[in-house]
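*Asks:* Here you go, one structure.
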Amino acid sequence: MLNRLKDDLSEAFKVAIREVAEAGGWPSAEVPEVPWDYPSESSFGDLSTTVAFSLTKQARRSSREIAGAIAQRLALDPSAVERIEVAGAGYLNVFITKSWWRQVIGEVLRAGALYGRARVGEGKKVQVEFVSANPTGPLHVGHGRGAALGDALANLLQAVGFKVEREYYVNDAGTQMEILGRSILARYQQLLGCDVPFPEGGYQGDYITGLAREVIQREGDQFLNQDEGKMVLTFAAFAAEEILKGIRTDLDAFGVQFDRWFEESTLYRRPPERNQTLLEEAIAFLKEKGFIYEEEGALWFRSTAFGDDKDRVLIRSSGEPTYYASDIAYHMEKFRRGYDLVIDIWGHDHHGYVQRVKAAVQALGYPPEALQILLIQLVNLLRGGRPVAMSTRAGEFVTLKEVLDEVGKDAARFIFLTRRAEAPLDFDLEVAKAQSEENPVYYVQYAYARLSSVLREAEKAGFQAPSLDADLSLLKLPEEFSLMKQLALYPEVILGAALAFEPHRLTAYLQEVAGQLHSYYRRYRFISQDSNLSWARLALAEAVRSVIGDALSILGVAAPERM
RNA sequence: GCGCCUGUAGCUCAGCCAGGAUAGAGCAACGGCCUCCGGAGCCGUGUGUCGGGCGUUCAAAUCGCCCCAGGCGCGCCA
């Protein structure tokens, strides 16, 4: 709605600029786009443009003069625009009519959950791959941040018309599986009284011992004297499956569901209908394109042809494929599935890898912008302002489950989404638990619960479902117009957050709306003796509630009617 | 050494991609507010070399270059 208004205004401005140019005898061929700002100060109007500044050169006049001339020739819809003012050095400030703002309420109430939805995605297929933690241990807080971001981003993209699939890449092959198997085997042997050393670089967490104990419970000591190489594989497969179960449970508790769990081992298996594995196919394709060469017994990919610093090995001289090779095959597989856009969410420590994978995607014949890689910075876990010590190596880490048990899903998700991905995040357990103003999630949820309560009370007082027929012209307070403006902005916030891959814009928006609502609530009453006014304010209440609820659902945070 | 991210109020951060009017929030601090729809709330008070420098521009937190500080990455590791 606001968008439509801005488009209309832009058109009117362009017409006026052309007229001014013709009258003034300066070139009118290049009429610039008209940029719109929301001025911070209400005396500067509701919308403001600096378009006059950009015309000074071609017009050879001052921006102030140009702005004045434009303002005089503007033909505007009087039902939407109250007046135009020229201010400062040549700003053109647009004041929107009160009746136009009031229409936003009806728009929200009529559209309901569809308010703020857009179609820019045009049904294009997007894949968001996130979390993808190795099945070698439970999810920790950092994974939680990735999970919250990926899920919220997927929701946002859905909201603007993309067809989204969520995927988890399971690294169930390669070295780390072997280390996992060895770690469990060592604990198994130790538990049964054998004096064996723990493997170097093994996974030391207590859960490893727990899994070994589980094996003993189920199978006893029958594996003690069997072939170790075989046992490592068996134990690894068992452990990965168990750990993955735990991961699924944790993600479920966190409210994240994936459409597909793609196993790395698939890349090394020959599908019945083909005569090559996906990995072999990928390499064969690159070879055919001339990007592969042999040197020192290894197979190299000429990634430098696509902006990488150096060429990379795909097949080691030992015959083993590198992790990079499997990732190339994986991305080939992804794009074959027909996604228009693939988004990978990785930990920030992988950023050296970005260029490489993009290079591979290009070599495979896909446009580089079809793959977007988002890097998430670390989560610093604090308790009462003091860092909580964590070391994955020593097996000491705070798991996502522990955090969820302590602070709950909603607080965790919301806080994870308050910062943009590439900024490190301090996550203070005490703050996340606090049921007070320190904690942004409660502040926002409370606004929703409060409005729900008001609407319940209203019903008791005889104001059934907020009426679209309410006389909104009774809404005259500045605070009411502030809220209406926030409602009007919602579609832009959704669209902007989705296209920029920045869900944190939505948490910020929610905090702003909640703040305005609380402030209004303390000062005025929704339900009063004046029944017409009550109807009008309740319509506003319902509209605000609807938008807060919708935004929370996109973030994956509950919108409680009572707290 | 090269590359990426970060540097904005005492603290945590928005704003930077698409440059515009006195740079915004929250927390912390202090002082107020429960005849009234939920006080998990509200109102008020103060805070800035936007890391530094140079440049582009009518206009720079925002764009470019250089420098400083912190983090991370640069494997035939994953």
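Going by the structure tokens order, chains are called A, B, ..., each with residues numbered from 1, while ligands are numbered from 1 in the order shown.
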Write down, as a count of residues only, each residue of chain A that has any atom within 7 Å of an atom of chain B, counting only C-alpha atoms (C1' of nucleotides).
*Replies:* 26
*Asks:* Taking only region 94-271 of chain A into account, list the residues labelled strand (DSSP E or B) by DSSP (computed from the backbone), as a PyMOL selection string.
*Replies:* chain A and resi 94-96+125-129+140+163-170+260-263
*Asks:* Tell me, which residues of region 355-468 of chain A carry DSSP alpha helix (DSSP H), written as a ChimeraX atom specification?
*Replies:* /A:355-363,400-407,409-416,429-433,440-460
*Asks:* If you measure from CA of Gly161 (chain A) to CA of Met1 (chain A), what distance in Å do you get, rounded to one decimal?
*Replies:*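 Taking CA of Gly161 (chain A) and CA of Met1 (chain A), their separation equals 17.4 Å.
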*Asks:* Show which residues sit within 12 Å of Val547 (chain A), as a ChimeraX atom specification. Count only C-alpha atoms (C1' of nucleotides), and ignore same-chain residues fewer than 3 positions away.
*Replies:* /A:104-105,107-109,111-117,444,447-448,451,483-484,486-491,493-494,506,509-510,513-514,540-544,550-554,559
*Asks:* Considering only C-alpha atoms (C1' of nucleotides), return as a list in words whatever protein or nucleic-acid residues lie within 10 Å of A23 (chain B), sequence-local ones (same chain, fewer than 5 positions apart) excluded.
*Replies:*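 Once the adjacent positions are removed, what remains is U8, G15, G48, C50 and A61 of chain B.
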*Asks:* With distances taken over only C-alpha atoms, which residue among A:Ser531, A:Thr266, A:Asn3, A:Thr209 lies nearest Asn171 (chain A)?
*Replies:*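 Looking only at the distances to Asn171 (chain A), the closest residue turns out to be A:Thr266.
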*Asks:* Can you pull out every residue within 9 Å of Gly150 (chain A), counting only C-alpha atoms (C1' of nucleotides), but drop anything in the same chain fewer than 5 positions away, and send it as a list in words?
*Replies:*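 Listing them by chain and then by number gives Val128, Glu129, Phe130, Val131, Arg145, Asn155, Arg166, Asp344 and Ile345 of chain A.
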*Asks:* Output C-alpha atoms of each residue in that selection to a file, as a JSON list (two decimals), in the first residue's frame.
*Replies:*
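Output file part.json follows:
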[["chain", "number", "residue", "atom", "x", "y", "z"],
["A", 128, "VAL", "CA", 18.53, -23.06, 2.19],
["A", 129, "GLU", "CA", 21.12, -25.43, 3.54],
["A", 130, "PHE", "CA", 21.95, -24.84, 7.17],
["A", 131, "VAL", "CA", 23.17, -26.31, 10.44],
["A", 145, "ARG", "CA", 22.36, -19.55, 15.83],
["A", 155, "ASN", "CA", 10.29, -18.36, 6.35],
["A", 166, "ARG", "CA", 15.38, -26.60, 3.89],
["A", 344, "ASP", "CA", 24.54, -22.09, 2.17],
["A", 345, "ILE", "CA", 24.85, -21.00, 5.77]]
